[in-house]
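> Okay, so here is model20.cif, and as you'll see once you scroll down, it has mmCIF, C-alpha atoms.
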```
data_start
loop_
_atom_site.label_atom_id
_atom_site.label_comp_id
_atom_site.auth_asym_id
_atom_site.auth_seq_id
_atom_site.Cartn_x
_atom_site.Cartn_y
_atom_site.Cartn_z
CA MET K 1 0.00 0.00 0.00
CA ASN K 2 3.10 2.24 -0.03
CA ILE K 3 2.65 3.30 3.56
CA PRO K 4 5.98 4.60 4.93
CA LYS K 5 7.56 2.80 7.84
CA SER K 6 7.40 4.60 11.14
CA SER K 7 8.63 4.19 14.68
CA LEU K 8 5.18 5.30 15.84
CA PRO K 9 2.52 2.70 16.65
CA ARG K 10 0.30 2.05 13.63
CA VAL K 11 -3.45 2.36 14.07
CA ILE K 12 -5.62 1.14 11.19
CA ILE K 13 -9.22 2.35 11.05
CA ILE K 14 -11.58 0.46 8.75
CA GLY K 15 -14.48 2.69 7.74
CA GLY K 16 -14.96 6.42 7.20
CA GLY K 17 -18.41 6.83 8.73
CA PHE K 18 -19.34 8.90 11.77
CA ALA K 19 -17.36 6.74 14.21
CA GLY K 20 -14.27 6.36 12.02
CA ILE K 21 -14.01 10.07 11.18
CA SER K 22 -14.56 11.13 14.80
CA LEU K 23 -11.81 8.77 15.93
CA ALA K 24 -9.39 9.78 13.16
CA LYS K 25 -9.72 13.47 14.04
CA LYS K 26 -8.69 12.67 17.61
CA LEU K 27 -5.88 10.28 16.66
CA ALA K 28 -4.32 12.40 13.92
CA ARG K 29 -2.87 14.81 16.50
CA GLN K 30 -1.36 12.06 18.63
CA LYS K 31 1.91 10.15 18.42
CA ALA K 32 0.64 7.42 16.15
CA GLN K 33 0.57 6.57 12.47
CA VAL K 34 -3.09 6.57 11.50
CA ILE K 35 -4.32 4.76 8.39
CA MET K 36 -7.94 4.74 7.25
CA LEU K 37 -9.29 2.23 4.73
CA ASP K 38 -12.66 2.65 3.04
CA LYS K 39 -14.19 1.47 -0.23
CA HIS K 40 -15.42 5.04 -0.86
CA ASN K 41 -13.24 8.15 -0.81
CA TYR K 42 -15.95 10.18 0.89
CA HIS K 43 -17.88 10.37 4.13
CA THR K 44 -21.66 10.12 3.74
CA PHE K 45 -24.12 12.00 5.93
CA GLN K 46 -26.58 9.12 6.02
CA PRO K 47 -29.50 10.88 7.80
CA LEU K 48 -30.16 12.88 4.61
CA LEU K 49 -29.91 10.00 2.13
CA TYR K 50 -33.68 9.91 1.83
CA GLN K 51 -33.61 13.47 0.44
CA VAL K 52 -31.20 12.36 -2.28
CA SER K 53 -33.48 9.46 -3.19
CA THR K 54 -36.51 11.78 -3.48
CA GLY K 55 -34.79 14.54 -5.43
CA GLY K 56 -34.52 17.08 -2.63
CA LEU K 57 -30.71 17.15 -2.60
CA GLU K 58 -27.87 16.24 -4.93
CA PRO K 59 -25.53 13.56 -3.55
CA ASP K 60 -22.45 15.80 -3.38
CA SER K 61 -24.20 18.01 -0.81
CA ILE K 62 -24.23 15.20 1.77
CA ALA K 63 -20.81 13.74 0.96
CA TYR K 64 -17.36 15.06 1.79
CA PRO K 65 -13.89 13.81 0.72
CA ILE K 66 -12.20 11.87 3.49
CA ARG K 67 -8.78 13.14 2.44
CA LYS K 68 -9.95 16.75 2.77
CA ILE K 69 -11.36 16.17 6.26
CA LEU K 70 -7.95 15.08 7.54
CA SER K 71 -5.64 16.77 5.03
CA ASN K 72 -3.84 18.88 7.65
CA TYR K 73 -2.51 15.92 9.62
CA SER K 74 0.95 14.70 8.57
CA ASN K 75 0.68 11.29 10.20
CA PHE K 76 -2.64 10.39 8.55
CA PHE K 77 -2.93 8.18 5.45
CA PHE K 78 -5.97 7.16 3.47
CA ARG K 79 -6.25 4.26 1.04
CA LEU K 80 -9.23 3.45 -1.17
CA ALA K 81 -9.66 -0.24 -0.45
CA GLU K 82 -12.16 -2.95 0.30
CA VAL K 83 -11.15 -5.02 3.30
CA ASN K 84 -11.66 -8.74 2.71
CA GLU K 85 -10.33 -10.30 5.90
CA ILE K 86 -8.58 -9.70 9.21
CA ASP K 87 -5.65 -12.01 9.99
CA THR K 88 -5.63 -11.66 13.76
CA GLU K 89 -2.79 -14.17 14.22
CA ASN K 90 -0.34 -12.16 12.11
CA GLN K 91 -1.98 -8.80 12.86
CA GLN K 92 -2.68 -8.03 9.23
CA VAL K 93 -5.51 -6.44 7.29
CA ILE K 94 -6.08 -8.22 3.97
CA SER K 95 -7.63 -6.03 1.28
CA ASP K 96 -8.10 -5.88 -2.48
CA ILE K 97 -5.04 -3.61 -2.83
CA GLY K 98 -2.70 -5.58 -0.55
CA ASN K 99 -2.00 -6.48 3.04
CA LEU K 100 -1.03 -4.18 5.89
CA GLU K 101 0.21 -4.92 9.38
CA TYR K 102 -1.21 -3.12 12.38
CA ASP K 103 -0.33 -2.48 16.00
CA TYR K 104 -3.89 -1.48 16.77
CA LEU K 105 -6.99 -2.10 14.68
CA VAL K 106 -10.31 -0.28 14.90
CA LEU K 107 -13.40 -1.55 13.11
CA ALA K 108 -15.79 1.25 12.21
CA THR K 109 -17.46 -0.60 9.34
CA GLY K 110 -20.96 0.56 10.22
CA SER K 111 -24.07 -1.32 9.19
CA VAL K 112 -25.92 -2.70 6.20
CA THR K 113 -29.60 -3.25 5.47
CA ASN K 114 -31.07 -6.12 7.49
CA TYR K 115 -33.53 -8.27 5.55
CA PHE K 116 -33.90 -10.68 8.50
CA GLY K 117 -33.17 -13.68 6.29
CA ASN K 118 -35.84 -12.81 3.70
CA LYS K 119 -33.80 -13.64 0.58
CA GLU K 120 -36.68 -12.96 -1.80
CA ALA K 121 -37.22 -9.47 -0.43
CA GLU K 122 -33.46 -8.83 -0.48
CA GLU K 123 -33.34 -9.71 -4.18
CA HIS K 124 -36.31 -7.62 -5.33
CA SER K 125 -36.61 -4.66 -2.95
CA MET K 126 -34.53 -1.49 -2.71
CA GLY K 127 -32.24 -0.61 0.17
CA MET K 128 -31.04 2.89 1.01
CA LYS K 129 -27.81 2.81 3.01
CA THR K 130 -25.39 4.35 0.52
CA ILE K 131 -25.33 7.17 -2.03
CA PRO K 132 -25.31 4.75 -5.00
CA GLU K 133 -28.40 3.04 -3.55
CA ALA K 134 -30.12 6.40 -3.04
CA LEU K 135 -29.37 7.38 -6.65
CA ASP K 136 -30.71 4.05 -7.88
CA LEU K 137 -33.88 4.60 -5.91
CA ARG K 138 -34.26 8.16 -7.23
CA SER K 139 -33.94 6.91 -10.80
CA LEU K 140 -36.37 4.04 -10.21
CA ILE K 141 -39.02 6.31 -8.70
CA LEU K 142 -38.85 8.70 -11.66
CA GLU K 143 -38.63 5.87 -14.21
CA ASN K 144 -41.77 4.36 -12.72
CA PHE K 145 -43.72 7.52 -13.46
CA GLU K 146 -42.29 7.69 -16.99
CA GLN K 147 -43.19 4.05 -17.56
CA ALA K 148 -46.67 4.53 -16.13
CA LEU K 149 -47.38 7.08 -18.87
CA LEU K 150 -46.74 4.38 -21.47
CA GLU K 151 -48.79 1.58 -19.93
CA ASP K 152 -52.17 0.73 -21.43
CA SER K 153 -53.09 -1.61 -18.58
CA LYS K 154 -54.53 0.15 -15.53
CA GLN K 155 -53.24 -2.63 -13.27
CA ARG K 156 -49.71 -2.15 -14.55
CA ARG K 157 -49.95 1.62 -14.17
CA ASP K 158 -51.21 1.30 -10.63
CA ALA K 159 -48.42 -1.14 -9.73
CA LEU K 160 -45.82 1.32 -11.04
CA MET K 161 -47.36 4.09 -8.93
CA ASN K 162 -47.81 1.98 -5.79
CA PHE K 163 -44.92 2.44 -3.36
CA VAL K 164 -44.44 0.18 -0.36
CA ILE K 165 -42.02 1.17 2.41
CA VAL K 166 -41.18 -1.62 4.83
CA GLY K 167 -40.24 -0.31 8.26
CA ALA K 168 -41.53 2.78 10.05
CA GLY K 169 -38.41 3.88 11.87
CA PRO K 170 -36.98 7.35 11.17
CA THR K 171 -35.82 6.39 7.65
CA GLY K 172 -39.17 4.87 6.65
CA VAL K 173 -41.21 7.69 8.15
CA GLU K 174 -39.08 10.43 6.58
CA LEU K 175 -39.09 8.71 3.19
CA ALA K 176 -42.87 8.23 3.28
CA GLY K 177 -43.37 11.89 4.12
CA ALA K 178 -41.05 12.99 1.29
CA LEU K 179 -42.87 10.80 -1.26
CA ALA K 180 -46.22 12.15 -0.07
CA GLU K 181 -45.03 15.71 -0.64
CA ILE K 182 -43.85 14.78 -4.14
CA LYS K 183 -47.30 13.38 -4.88
CA LYS K 184 -48.97 16.49 -3.59
CA GLY K 185 -46.73 19.28 -4.86
CA ILE K 186 -44.72 18.04 -7.83
CA LEU K 187 -46.44 15.24 -9.74
CA PRO K 188 -49.52 17.29 -10.76
CA HIS K 189 -47.17 19.76 -12.51
CA ASP K 190 -44.62 17.32 -13.94
CA TYR K 191 -47.14 14.65 -14.99
CA PRO K 192 -50.43 16.41 -15.73
CA ASP K 193 -51.48 13.52 -17.99
CA LEU K 194 -51.05 10.97 -15.20
CA GLU K 195 -53.77 10.08 -12.70
CA VAL K 196 -51.81 11.27 -9.69
CA LYS K 197 -54.67 10.38 -7.35
CA ASN K 198 -53.82 6.73 -8.00
CA VAL K 199 -50.32 7.10 -6.53
CA GLN K 200 -50.29 5.14 -3.28
CA ILE K 201 -47.69 5.39 -0.52
CA ASN K 202 -47.93 2.51 1.94
CA LEU K 203 -45.89 2.36 5.13
CA LEU K 204 -45.74 -1.06 6.78
CA GLN K 205 -44.53 -1.60 10.32
CA ALA K 206 -44.15 -4.98 12.04
CA THR K 207 -44.63 -3.56 15.56
CA PRO K 208 -47.73 -1.87 17.04
CA ARG K 209 -46.61 1.71 16.29
CA VAL K 210 -44.42 3.84 14.03
CA LEU K 211 -41.17 5.23 15.44
CA ASP K 212 -41.32 2.59 18.14
CA ALA K 213 -37.88 3.57 19.47
CA MET K 214 -39.23 7.02 20.33
CA SER K 215 -41.90 8.07 22.82
CA GLU K 216 -45.58 7.27 22.40
CA HIS K 217 -46.19 11.00 21.97
CA ALA K 218 -43.78 11.14 19.01
CA SER K 219 -45.24 7.96 17.55
CA ARG K 220 -48.80 9.19 17.78
CA LYS K 221 -48.03 12.61 16.28
CA ALA K 222 -45.90 11.13 13.50
CA GLU K 223 -48.67 8.76 12.45
CA ALA K 224 -51.15 11.65 12.46
CA PHE K 225 -48.81 13.72 10.28
CA LEU K 226 -48.38 10.82 7.85
CA THR K 227 -52.10 10.19 7.62
CA ASP K 228 -52.70 13.89 7.01
CA LEU K 229 -50.24 13.73 4.09
CA GLY K 230 -52.14 10.81 2.58
CA VAL K 231 -49.79 7.99 3.57
CA ASN K 232 -51.43 4.63 4.24
CA VAL K 233 -49.99 3.42 7.56
CA PHE K 234 -50.23 -0.25 8.54
CA VAL K 235 -48.93 -1.39 11.94
CA ASN K 236 -48.60 -4.97 13.19
CA THR K 237 -48.03 -5.85 9.55
CA PRO K 238 -44.70 -7.61 8.95
CA VAL K 239 -43.80 -8.41 5.35
CA THR K 240 -43.31 -12.09 4.68
CA SER K 241 -42.28 -11.99 1.01
CA TYR K 242 -41.91 -9.87 -2.11
CA ASP K 243 -41.31 -11.49 -5.49
CA GLY K 244 -40.90 -8.29 -7.47
CA GLU K 245 -44.64 -7.95 -7.96
CA ILE K 246 -46.68 -8.99 -4.92
CA VAL K 247 -45.97 -7.95 -1.35
CA LYS K 248 -47.31 -10.51 1.11
CA THR K 249 -47.80 -9.84 4.81
CA ASN K 250 -48.66 -11.97 7.83
CA SER K 251 -52.36 -11.55 7.04
CA SER K 252 -54.52 -11.56 3.93
CA LEU K 253 -53.34 -8.03 3.16
CA THR K 254 -51.25 -7.88 -0.02
CA PHE K 255 -49.92 -5.13 -2.29
CA ARG K 256 -49.15 -5.11 -5.97
CA SER K 257 -46.10 -2.89 -6.37
CA ALA K 258 -43.16 -2.36 -8.69
CA THR K 259 -41.23 -0.56 -5.95
CA VAL K 260 -40.64 -1.84 -2.42
CA ILE K 261 -38.20 0.12 -0.28
CA TRP K 262 -36.76 -1.86 2.64
CA ALA K 263 -36.17 0.31 5.70
CA ALA K 264 -37.00 -2.32 8.30
CA GLY K 265 -33.67 -2.35 10.08
CA VAL K 266 -29.90 -2.68 9.91
CA LYS K 267 -27.24 -5.12 11.01
CA GLY K 268 -23.53 -4.84 11.57
CA ALA K 269 -21.19 -4.99 8.58
CA THR K 270 -18.76 -7.60 9.87
CA VAL K 271 -15.44 -8.56 8.30
CA LYS K 272 -14.17 -12.10 7.76
CA GLY K 273 -11.79 -13.08 10.52
CA LEU K 274 -13.84 -11.29 13.15
CA ASP K 275 -17.12 -13.04 12.53
CA ALA K 276 -16.93 -15.94 14.98
CA ASP K 277 -20.16 -16.85 16.74
CA ASP K 278 -18.69 -16.40 20.21
CA PHE K 279 -18.37 -12.63 19.85
CA ILE K 280 -21.08 -11.78 17.30
CA THR K 281 -24.60 -10.83 18.44
CA ARG K 282 -27.88 -11.69 16.70
CA MET K 283 -27.78 -8.27 15.01
CA ASN K 284 -24.39 -9.17 13.52
CA ARG K 285 -22.63 -6.75 15.83
CA ILE K 286 -19.27 -7.37 17.49
CA LYS K 287 -19.29 -7.64 21.27
CA VAL K 288 -17.06 -5.07 22.95
CA ASN K 289 -16.34 -4.17 26.56
CA GLU K 290 -16.73 -0.74 28.15
CA TYR K 291 -13.50 0.42 26.44
CA ASN K 292 -14.71 -0.64 22.97
CA LEU K 293 -12.21 -3.48 23.02
CA VAL K 294 -13.37 -6.54 21.08
CA LYS K 295 -13.80 -9.33 23.58
CA GLY K 296 -10.87 -11.72 23.43
CA PHE K 297 -8.38 -9.19 22.01
CA GLU K 298 -6.07 -6.58 23.51
CA ASN K 299 -5.43 -4.46 20.42
CA ILE K 300 -8.62 -4.68 18.33
CA PHE K 301 -11.43 -2.21 18.91
CA ALA K 302 -14.87 -1.65 17.39
CA VAL K 303 -16.92 1.56 17.42
CA GLY K 304 -20.26 2.74 16.07
CA ASP K 305 -22.96 0.54 14.57
CA ILE K 306 -20.71 -2.52 14.38
CA ALA K 307 -20.01 -2.43 18.13
CA SER K 308 -22.36 -3.95 20.69
CA MET K 309 -21.53 -2.66 24.15
CA GLU K 310 -24.02 -4.30 26.50
CA THR K 311 -24.79 -2.19 29.54
CA GLU K 312 -27.54 -2.01 32.15
CA ASP K 313 -29.24 0.81 30.23
CA PHE K 314 -28.59 -0.76 26.83
CA PRO K 315 -28.69 -4.57 27.19
CA GLN K 316 -28.77 -4.99 23.39
CA GLY K 317 -26.05 -2.43 22.78
CA HIS K 318 -26.36 1.27 21.98
CA PRO K 319 -28.74 2.45 19.25
CA MET K 320 -27.32 2.10 15.73
CA MET K 321 -27.45 5.83 15.06
CA ALA K 322 -25.05 8.71 14.47
CA GLN K 323 -24.77 10.04 18.04
CA PRO K 324 -23.51 6.84 19.71
CA ALA K 325 -21.04 6.38 16.83
CA ILE K 326 -19.68 9.93 17.12
CA GLN K 327 -19.39 9.72 20.89
CA GLN K 328 -17.68 6.30 20.80
CA GLY K 329 -15.21 7.50 18.16
CA ARG K 330 -14.27 10.59 20.16
CA HIS K 331 -14.03 8.67 23.42
CA LEU K 332 -11.83 5.97 21.92
CA GLY K 333 -9.56 8.71 20.57
CA ASP K 334 -9.16 10.05 24.11
CA ASN K 335 -8.55 6.52 25.36
CA PHE K 336 -5.84 5.97 22.76
CA GLU K 337 -4.05 9.03 24.11
CA ARG K 338 -4.17 7.45 27.57
CA LEU K 339 -3.16 4.04 26.23
CA LEU K 340 -0.19 5.33 24.25
CA SER K 341 1.07 7.29 27.28
CA GLY K 342 0.79 4.27 29.57
CA LYS K 343 -2.30 5.42 31.45
CA ALA K 344 -5.45 3.44 32.19
CA MET K 345 -8.35 3.81 29.77
CA GLU K 346 -11.71 5.13 30.93
CA PRO K 347 -15.03 3.37 30.28
CA PHE K 348 -17.42 4.78 27.72
CA LYS K 349 -20.71 6.27 28.85
CA TYR K 350 -23.30 7.28 26.32
CA ASN K 351 -24.90 10.71 26.66
CA ASP K 352 -28.35 10.35 25.11
CA LYS K 353 -29.12 13.75 23.62
CA GLY K 354 -32.55 12.72 22.38
CA SER K 355 -33.98 11.71 19.03
CA MET K 356 -35.97 13.33 16.27
CA ALA K 357 -37.63 12.63 12.94
CA THR K 358 -39.15 14.82 10.26
CA ILE K 359 -42.29 13.86 8.37
CA GLY K 360 -42.49 16.78 5.99
CA ARG K 361 -42.96 20.51 5.65
CA ASN K 362 -43.45 22.00 9.16
CA LYS K 363 -43.92 18.48 10.51
CA ALA K 364 -41.43 16.83 12.84
CA VAL K 365 -41.24 15.17 16.26
CA VAL K 366 -38.53 15.62 18.90
CA ASP K 367 -37.85 13.62 22.06
CA PHE K 368 -35.60 15.06 24.74
CA ASN K 369 -35.24 13.61 28.22
CA ARG K 370 -37.62 16.14 29.74
CA TYR K 371 -39.34 17.67 26.75
CA LYS K 372 -41.29 16.18 23.89
CA PHE K 373 -42.74 18.38 21.19
CA HIS K 374 -43.81 18.38 17.57
CA GLY K 375 -44.77 20.61 14.65
CA MET K 376 -42.94 23.62 13.20
CA LEU K 377 -40.58 24.21 16.13
CA ALA K 378 -39.52 20.57 16.04
CA TRP K 379 -39.04 20.86 12.27
CA PHE K 380 -36.76 23.90 12.58
CA LEU K 381 -34.76 22.18 15.32
CA TRP K 382 -34.39 19.06 13.14
CA MET K 383 -33.03 21.21 10.30
CA PHE K 384 -30.61 23.09 12.58
CA VAL K 385 -29.18 19.88 14.08
CA HIS K 386 -28.69 18.24 10.69
CA LEU K 387 -27.02 21.35 9.26
CA PHE K 388 -24.74 21.54 12.30
CA PHE K 389 -23.47 17.97 11.91
CA LEU K 390 -22.91 18.19 8.15
CA ILE K 391 -19.20 18.30 7.31
CA GLY K 392 -17.97 21.29 5.33
CA PHE K 393 -19.18 24.88 5.02
CA ARG K 394 -20.10 24.38 1.36
CA ASN K 395 -22.30 21.40 2.16
CA ARG K 396 -24.08 23.31 4.91
CA LEU K 397 -24.63 26.27 2.61
CA VAL K 398 -25.85 24.16 -0.33
CA VAL K 399 -28.25 22.15 1.83
CA PHE K 400 -29.57 25.29 3.55
CA VAL K 401 -30.15 27.07 0.22
CA ASN K 402 -31.89 23.98 -1.17
CA TRP K 403 -34.16 23.76 1.85
CA VAL K 404 -35.08 27.44 1.67
CA TYR K 405 -35.75 27.19 -2.06
CA ASN K 406 -37.82 24.02 -1.63
CA TYR K 407 -39.79 25.63 1.18
CA ILE K 408 -40.59 28.79 -0.79
CA ARG K 409 -41.24 27.15 -4.15
CA PHE K 410 -42.50 23.77 -2.88
CA ASP K 411 -40.18 22.21 -5.43
CA LYS K 412 -37.39 19.63 -5.61
CA GLU K 413 -35.24 20.27 -8.65
CA ALA K 414 -32.87 17.31 -8.31
CA ARG K 415 -35.43 14.93 -9.84
CA LEU K 416 -33.03 13.81 -12.56
CA ILE K 417 -32.47 10.38 -14.05
CA ILE K 418 -28.69 10.73 -14.36
CA ARG K 419 -27.91 7.04 -14.03
CA PRO K 420 -30.85 4.89 -15.18
CA TYR K 421 -31.59 1.96 -12.92
CA ARG K 422 -32.56 -1.17 -14.81
CA LYS K 423 -35.12 -3.23 -12.99
CA ASN K 424 -37.21 -6.08 -14.32
CA ARG K 425 -40.44 -4.52 -15.50
CA ASP K 426 -42.10 -7.71 -16.72
CA LEU K 427 -44.91 -7.50 -14.18
CA LYS K 428 -47.05 -10.60 -14.20
CA ILE K 429 -50.32 -8.73 -14.23
#
```
As structure tokens, please, write out the structure in this file.


Amino acid sequence: MNIPKSSLPRVIIIGGGFAGISLAKKLARQKAQVIMLDKHNYHTFQPLLYQVSTGGLEPDSIAYPIRKILSNYSNFFFRLAEVNEIDTENQQVISDIGNLEYDYLVLATGSVTNYFGNKEAEEHSMGMKTIPEALDLRSLILENFEQALLEDSKQRRDALMNFVIVGAGPTGVELAGALAEIKKGILPHDYPDLEVKNVQINLLQATPRVLDAMSEHASRKAEAFLTDLGVNVFVNTPVTSYDGEIVKTNSSLTFRSATVIWAAGVKGATVKGLDADDFITRMNRIKVNEYNLVKGFENIFAVGDIASMETEDFPQGHPMMAQPAIQQGRHLGDNFERLLSGKAMEPFKYNDKGSMATIGRNKAVVDFNRYKFHGMLAWFLWMFVHLFFLIGFRNRLVVFVNWVYNYIRFDKEARLIIRPYRKNRDLKI
């Protein structure tokens, strides 16, 4: 990999997500050689992926070059690579561009879409965890409307305009709200010769309520907002199969749809060599102790979504969201400073700053420890928080300008089919 030799201890970070970037910023100023490996050369602000998939933002406004983030640090190196395996015996990372030895290894590989073993749904539905997936989804949504204009069969047209979102967590709820606003504000102008009233947005949730990780107040208000926007909400309705045409549930309820978006959950993105059953949880996360050390190792750590730190408050590990990942990355950076100077590390403690979700224009829900509120104030707070955590002044400015423009004009101008997504359209109707 042409990494120079150094007398400093070598720390390899796999993954440039929230946890990996937060850790690298801390480590890059310390007496260590820091190497980050990622299959993309950019950091993705995943909470806004749904806006890319629905044409509200262009992808470069939520991505930022990893090299630029850490360009001022002389002991930092980045390599574009896909890690295939960890050789723990020889302390080597095996990748598609070569092998590299480490003194310390940190897994910050994040998560991938969890289909819960439903292979059929995995094959035919759409995930939304990366920018390429969001762009594919954007193209498919727009292509569906273009194709619907050409269909003579009403059943085929309806299937192309029938969207099913599986999972009513923040991603599913926000995506459903965005699609509902497209139906209401954009389709009548872009497709005046299409029966827009036949566009259906169905949100299916396996548990008794939407946003079930948030308070009942947030759940109740979010469902009311969705219903008001025209979204069909179905709770206690797990999806059992999807063959590319028919969505089947645990009851007699079925949907005929050309587009199913799977937002039902995530699981850890493990790496071969650290995937043994004795330290992997049912959510495919790696078990770590209170110092983010992988159980059974003294020099391998895991942070963020991939790490499962079981505590009294979080018996299944911390939520697989941005805040725990950022906090774990920063804390591990501080612990590395202690470790490299011969001091004892300190245990990690998560500071839950609350959670929030937006459903659409002037519609959002916010949960803080003491306060729970909804509506326009919650919506403005949601926007402020997301702008604050975006990396780069340009990205913040571009996103802010887009949001202001969209709010004033009720328009989303990034509805472009730049990279057509080819999906089997031979519906058996």

> Which residues are close to range 284-296 of chain K, i.e. within 6 Å by all atoms listed in the file, leaving aside same-chain residues fewer than 4 positions away? Reply as a ChimeraX atom specification.

/K:267-268,279-280,300-302,306-309,347-348

> At what distance in Å, to one decimal, does CA of Asp212 in chain K lie from CA of Thr237 in chain K?

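So the answer is 13.8 Å.
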
> Measuring atom to atom with all atoms listed in the file, identify which of K:Ser22, K:Thr270, K:Lys5, K:Pro132 is nearest to Gln323 in chain K.

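The closest residue to Gln323 in chain K is K:Ser22.
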
> Go ahead and compute the interatomic distance for CA of Asp313 in chain K and CA of Val166 in chain K, in Å to one decimal.

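Distance reported for this atom pair: 28.2 Å.
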
> Mind giving me the straight-line distance from CA of Leu194 in chain K to CA of Lys248 in chain K in Å, one decimal?

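Taking CA of Leu194 in chain K and CA of Lys248 in chain K, their separation equals 27.2 Å.
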